[in-house]
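Dropping protein.tsv in here (TSV, C-alpha atoms):
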```tsv
chain	number	residue	atom	x	y	z
F	138	MET	CA	-147.56	-188.03	45.66
F	139	PHE	CA	-145.19	-190.23	47.65
F	140	GLY	CA	-145.03	-188.93	51.20
F	141	VAL	CA	-143.50	-189.82	54.54
F	142	VAL	CA	-143.08	-193.48	55.46
F	143	SER	CA	-141.64	-195.00	58.62
F	144	GLN	CA	-137.94	-195.42	59.24
F	145	GLU	CA	-138.50	-199.16	59.36
F	146	GLU	CA	-139.99	-199.08	55.86
F	147	ILE	CA	-137.12	-196.95	54.56
F	148	GLU	CA	-134.55	-199.33	56.05
F	149	LYS	CA	-136.36	-202.28	54.50
F	150	ARG	CA	-136.60	-200.57	51.12
F	151	VAL	CA	-132.92	-199.58	51.00
F	152	GLY	CA	-131.44	-202.65	52.66
F	153	ARG	CA	-127.72	-202.58	53.37
F	154	ILE	CA	-124.43	-202.17	51.53
F	155	SER	CA	-122.14	-205.13	51.08
F	156	GLN	CA	-119.10	-205.12	48.81
F	157	GLY	CA	-120.39	-202.06	46.99
F	158	VAL	CA	-123.89	-203.43	46.36
F	159	VAL	CA	-127.06	-201.89	47.80
F	160	SER	CA	-129.20	-204.89	48.64
F	161	GLY	CA	-132.54	-203.11	48.28
F	162	ALA	CA	-131.77	-201.76	44.82
F	163	ARG	CA	-132.79	-203.30	41.54
F	164	GLN	CA	-129.54	-204.30	39.84
F	165	LEU	CA	-129.09	-203.20	36.22
F	166	ASN	CA	-125.47	-203.50	35.15
F	167	SER	CA	-124.22	-200.62	33.02
F	168	VAL	CA	-121.03	-201.08	31.00
F	169	ASN	CA	-120.30	-197.37	31.41
F	170	TYR	CA	-117.75	-197.62	34.19
F	171	ASN	CA	-114.15	-198.56	34.84
F	172	GLU	CA	-112.07	-199.55	37.84
F	173	ARG	CA	-110.76	-196.99	40.29
F	174	ALA	CA	-107.05	-196.74	40.98
F	175	ALA	CA	-106.13	-199.28	43.65
F	176	ASP	CA	-105.19	-196.67	46.25
F	177	THR	CA	-108.26	-194.45	45.77
F	178	GLU	CA	-110.16	-193.34	48.85
F	179	ILE	CA	-113.81	-192.76	47.98
F	180	SER	CA	-114.43	-189.40	49.60
F	181	LEU	CA	-117.21	-187.53	47.77
F	182	LEU	CA	-120.95	-188.02	47.26
F	183	VAL	CA	-122.50	-186.18	44.31
F	184	ILE	CA	-126.26	-185.59	44.01
F	185	HIS	CA	-127.69	-185.22	40.48
F	186	ASN	CA	-131.10	-185.11	38.91
F	187	ILE	CA	-132.37	-186.63	35.70
F	188	SER	CA	-135.67	-187.20	33.90
F	189	LEU	CA	-136.17	-188.48	30.38
F	190	PRO	CA	-137.81	-186.96	28.50
F	191	PRO	CA	-137.12	-183.81	30.54
F	192	LYS	CA	-139.67	-183.34	33.33
F	193	GLU	CA	-141.43	-186.61	32.53
F	194	PHE	CA	-141.31	-189.20	35.29
F	195	GLY	CA	-141.87	-192.92	35.48
F	196	THR	CA	-140.57	-193.77	32.02
F	197	PRO	CA	-137.94	-196.49	31.39
F	198	CYS	CA	-135.78	-194.01	29.50
F	199	VAL	CA	-133.30	-193.22	32.27
F	200	GLU	CA	-132.52	-196.91	32.65
F	201	ASP	CA	-132.22	-197.27	28.89
F	202	PHE	CA	-129.90	-194.26	28.74
F	203	PHE	CA	-127.49	-195.66	31.30
F	204	LEU	CA	-127.62	-199.07	29.59
F	205	ASN	CA	-126.86	-197.59	26.14
F	206	LYS	CA	-130.28	-198.67	24.86
F	207	LEU	CA	-132.05	-195.31	24.52
F	208	ASP	CA	-134.17	-195.09	21.37
F	209	SER	CA	-133.37	-191.69	19.87
F	210	THR	CA	-136.60	-191.70	17.85
F	211	LEU	CA	-138.83	-191.54	20.93
F	212	ASP	CA	-138.27	-187.85	21.66
F	213	PRO	CA	-136.42	-185.03	19.87
F	214	PHE	CA	-134.34	-184.40	23.00
F	215	PHE	CA	-132.88	-187.88	22.78
F	216	GLU	CA	-131.17	-187.19	19.47
F	217	GLY	CA	-128.53	-185.12	21.26
F	218	ILE	CA	-127.80	-187.58	24.06
F	219	ALA	CA	-128.38	-191.09	22.69
F	220	ASP	CA	-124.70	-191.63	21.85
F	221	LEU	CA	-123.36	-190.44	25.22
F	222	LYS	CA	-121.78	-193.08	27.43
F	223	VAL	CA	-122.67	-192.14	30.98
F	224	SER	CA	-123.91	-193.77	34.17
F	225	ALA	CA	-124.49	-193.23	37.85
F	226	HIS	CA	-124.06	-195.60	40.73
F	227	LEU	CA	-127.64	-195.21	41.94
F	228	PHE	CA	-130.96	-193.82	40.71
F	229	VAL	CA	-133.71	-192.90	43.17
F	230	LYS	CA	-137.11	-192.85	41.48
F	231	ARG	CA	-140.08	-190.67	42.41
F	232	THR	CA	-141.55	-193.72	44.15
F	233	GLY	CA	-138.45	-194.13	46.31
F	234	ASP	CA	-137.43	-197.27	44.46
F	235	ILE	CA	-133.70	-197.59	43.83
F	236	VAL	CA	-131.82	-198.84	40.78
F	237	GLN	CA	-128.10	-199.59	40.94
F	238	PHE	CA	-126.12	-199.42	37.71
F	239	VAL	CA	-122.53	-199.55	38.95
F	240	ASN	CA	-120.92	-201.11	42.02
F	241	LEU	CA	-120.02	-198.36	44.49
F	242	ASN	CA	-116.41	-199.51	44.50
F	243	GLN	CA	-116.14	-198.91	40.77
F	244	ARG	CA	-115.83	-195.66	38.84
F	245	ALA	CA	-119.16	-194.62	37.32
F	246	TRP	CA	-119.19	-191.97	34.60
F	247	HIS	CA	-121.47	-189.38	36.20
F	248	ALA	CA	-119.50	-186.21	36.93
F	249	GLY	CA	-117.72	-185.36	33.68
F	250	VAL	CA	-115.32	-182.43	33.77
F	251	SER	CA	-115.36	-181.56	37.44
F	252	SER	CA	-113.36	-180.38	40.43
F	253	PHE	CA	-113.77	-180.53	44.21
F	254	HIS	CA	-111.50	-178.43	46.42
F	255	GLY	CA	-109.02	-178.18	43.59
F	256	ARG	CA	-108.97	-181.88	42.84
F	257	GLU	CA	-109.90	-182.63	39.25
F	258	GLY	CA	-111.80	-185.61	37.86
F	259	CYS	CA	-114.41	-186.27	40.53
F	260	ASN	CA	-115.43	-189.58	38.98
F	261	ASP	CA	-112.18	-190.99	40.34
F	262	PHE	CA	-113.12	-190.60	43.99
F	263	SER	CA	-116.88	-190.08	44.16
F	264	ILE	CA	-120.20	-191.88	44.26
F	265	GLY	CA	-122.99	-190.45	42.10
F	266	ILE	CA	-126.68	-190.64	42.93
F	267	GLU	CA	-129.30	-189.53	40.42
F	268	MET	CA	-132.62	-188.30	41.74
F	269	GLU	CA	-135.53	-188.60	39.31
F	270	GLY	CA	-136.49	-184.97	39.00
F	271	ALA	CA	-135.83	-181.57	37.51
F	272	ASP	CA	-134.21	-178.37	38.75
F	273	ASP	CA	-137.49	-176.51	39.20
F	274	LEU	CA	-139.89	-179.27	40.28
F	275	ALA	CA	-140.24	-180.38	43.89
F	276	TYR	CA	-138.86	-183.77	44.82
F	277	GLU	CA	-141.01	-186.36	46.56
F	278	GLU	CA	-140.62	-186.72	50.32
F	279	ILE	CA	-139.88	-190.41	50.02
F	280	GLN	CA	-136.96	-189.57	47.73
F	281	TYR	CA	-135.45	-187.40	50.46
F	282	GLN	CA	-135.94	-190.17	53.01
F	283	VAL	CA	-134.37	-192.82	50.79
F	284	LEU	CA	-131.50	-190.53	49.80
F	285	ALA	CA	-130.80	-189.57	53.41
F	286	TYR	CA	-130.75	-193.17	54.60
F	287	LEU	CA	-128.64	-194.24	51.64
F	288	SER	CA	-126.23	-191.45	52.51
F	289	THR	CA	-125.83	-192.69	56.09
F	290	LEU	CA	-125.11	-196.22	54.84
F	291	ILE	CA	-122.61	-194.89	52.31
F	292	GLU	CA	-120.88	-192.78	54.95
F	293	ALA	CA	-120.64	-195.80	57.25
F	294	GLU	CA	-119.04	-197.81	54.43
F	295	TYR	CA	-116.87	-194.95	53.14
F	296	PRO	CA	-116.13	-192.76	56.20
F	297	ALA	CA	-114.48	-189.97	54.17
F	298	ILE	CA	-117.91	-189.13	52.73
F	299	SER	CA	-119.15	-186.69	55.35
F	300	VAL	CA	-122.03	-184.26	55.10
F	301	GLU	CA	-119.44	-181.65	54.10
F	302	ASN	CA	-118.26	-183.92	51.28
F	303	THR	CA	-121.76	-184.31	49.88
F	304	VAL	CA	-122.44	-181.86	47.07
F	305	GLY	CA	-124.54	-181.21	44.01
F	306	HIS	CA	-123.34	-181.69	40.46
F	307	CYS	CA	-123.60	-177.91	40.19
F	308	ASP	CA	-120.95	-177.53	42.90
F	309	ILE	CA	-118.28	-179.57	41.11
F	310	ALA	CA	-119.12	-178.38	37.59
F	311	PRO	CA	-120.31	-174.78	38.06
F	312	GLY	CA	-121.42	-173.04	34.89
F	313	ARG	CA	-121.80	-176.39	33.16
F	314	LYS	CA	-124.30	-178.17	35.41
F	315	THR	CA	-127.18	-176.94	37.57
F	316	ASP	CA	-128.51	-180.11	39.18
F	317	PRO	CA	-129.99	-181.03	41.56
F	318	GLY	CA	-131.38	-177.52	41.15
F	319	GLU	CA	-133.05	-174.88	43.25
F	320	SER	CA	-135.89	-177.26	44.05
F	321	PHE	CA	-133.61	-179.56	46.06
F	322	ASN	CA	-133.99	-178.81	49.77
F	323	TRP	CA	-130.49	-179.27	51.16
F	324	GLN	CA	-131.48	-178.30	54.70
F	325	HIS	CA	-134.24	-180.89	54.81
F	326	TYR	CA	-131.98	-183.58	53.36
F	327	ARG	CA	-129.26	-182.86	55.91
F	328	GLN	CA	-131.74	-182.93	58.79
F	329	LEU	CA	-133.06	-186.31	57.65
F	330	ARG	CA	-129.54	-187.63	57.22
F	331	LYS	CA	-128.59	-186.49	60.72
F	332	GLY	CA	-131.70	-188.13	62.11
F	333	PHE	CA	-130.92	-191.48	60.50
F	334	ALA	CA	-127.29	-191.27	61.61
F	335	ASN	CA	-128.33	-190.69	65.22
F	336	ASN	CA	-130.72	-193.67	65.35
```

Before anything else, please render the file you have as structure tokens.
Amino acid sequence: MFGVVSQEEIEKRVGRISQGVVSGARQLNSVNYNERAADTEISLLVIHNISLPPKEFGTPCVEDFFLNKLDSTLDPFFEGIADLKVSAHLFVKRTGDIVQFVNLNQRAWHAGVSSFHGREGCNDFSIGIEMEGADDLAYEEIQYQVLAYLSTLIEAEYPAISVENTVGHCDIAPGRKTDPGESFNWQHYRQLRKGFANN
């Protein structure tokens, strides 16, 4: 279990954002991205979950998946996803460690067919964060802390990303996606985010 740590430790772990790079994140550069249109305002934050194999944590398979290196022979589930070209900007592990795959200013391929307030193609104007987890398994407290602090930094860098413009994958692709799932405590996340923003 990875429980509560101090705000100072969270700030140290996450670092800061400069030119789309989260300084506290391990940098693994995915090729699954493209440039945003020059006039795009980044205005949406999308929370996902992922675990590979499903409900198994601490494996290197998520990183391999986003880097197009997933070995499809390792698990039967991988046979159906190994050829997909997807990514997220950030991945928050169960330990609270962060991996960055795509610069925040670039267009990661995380949302797929999606719509927010009638605007199609959420990849164009959003940032995607993957939480290591599953719909029906509780997230670690340190993941909430890291996500909340990351969110405040992202909002400071991209002011259009308010709490109201922070949603789950399920909200922009209803019927197709369910993450971050019923186990994600939105109220707790928002309280933590508010607390970080006020400090």

Need to verify the contact set: range 197-200 of chain F, 9 Å, only C-alpha atoms, exclusion of same-chain residues closer than 6 positions in sequence. Can you return it as a short mmCIF file (atom, residue, chain, number, x, y, z; two decimals) with C-alpha atoms, in the frame of the given file?
```cif
data_model
loop_
_atom_site.label_atom_id
_atom_site.label_comp_id
_atom_site.auth_asym_id
_atom_site.auth_seq_id
_atom_site.Cartn_x
_atom_site.Cartn_y
_atom_site.Cartn_z
CA LEU F 165 -129.09 -203.20 36.22
CA ILE F 187 -132.37 -186.63 35.70
CA SER F 188 -135.67 -187.20 33.90
CA LEU F 189 -136.17 -188.48 30.38
CA PRO F 190 -137.81 -186.96 28.50
CA LYS F 206 -130.28 -198.67 24.86
CA LEU F 207 -132.05 -195.31 24.52
CA ASP F 208 -134.17 -195.09 21.37
CA PHE F 228 -130.96 -193.82 40.71
CA VAL F 236 -131.82 -198.84 40.78
CA PHE F 238 -126.12 -199.42 37.71
CA GLU F 269 -135.53 -188.60 39.31
#
```

Problem set entry | Closest of F:Gln164, F:Glu216, F:Glu319, F:Lys230 to Gly195 in chain F - atom-to-atom distances counting only C-alpha atoms |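 That would be F:Lys230, the residue with the smallest distance to Gly195 in chain F.
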
For this session: Using only C-alpha atoms, pick whichever of F:Gln237, F:Asn322, F:Thr210, F:Ser180 has the shortest atom-to-atom distance to Phe253 in chain F.
Result: F:Ser180

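We find CA of Phe214 in chain F and CA of Ile235 in chain F to be spaced 24.7 Å apart.
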
Exercise. CA of Tyr326 in chain F and CA of Glu257 in chain F are how many Å apart?
Worked result: 26.2 Å
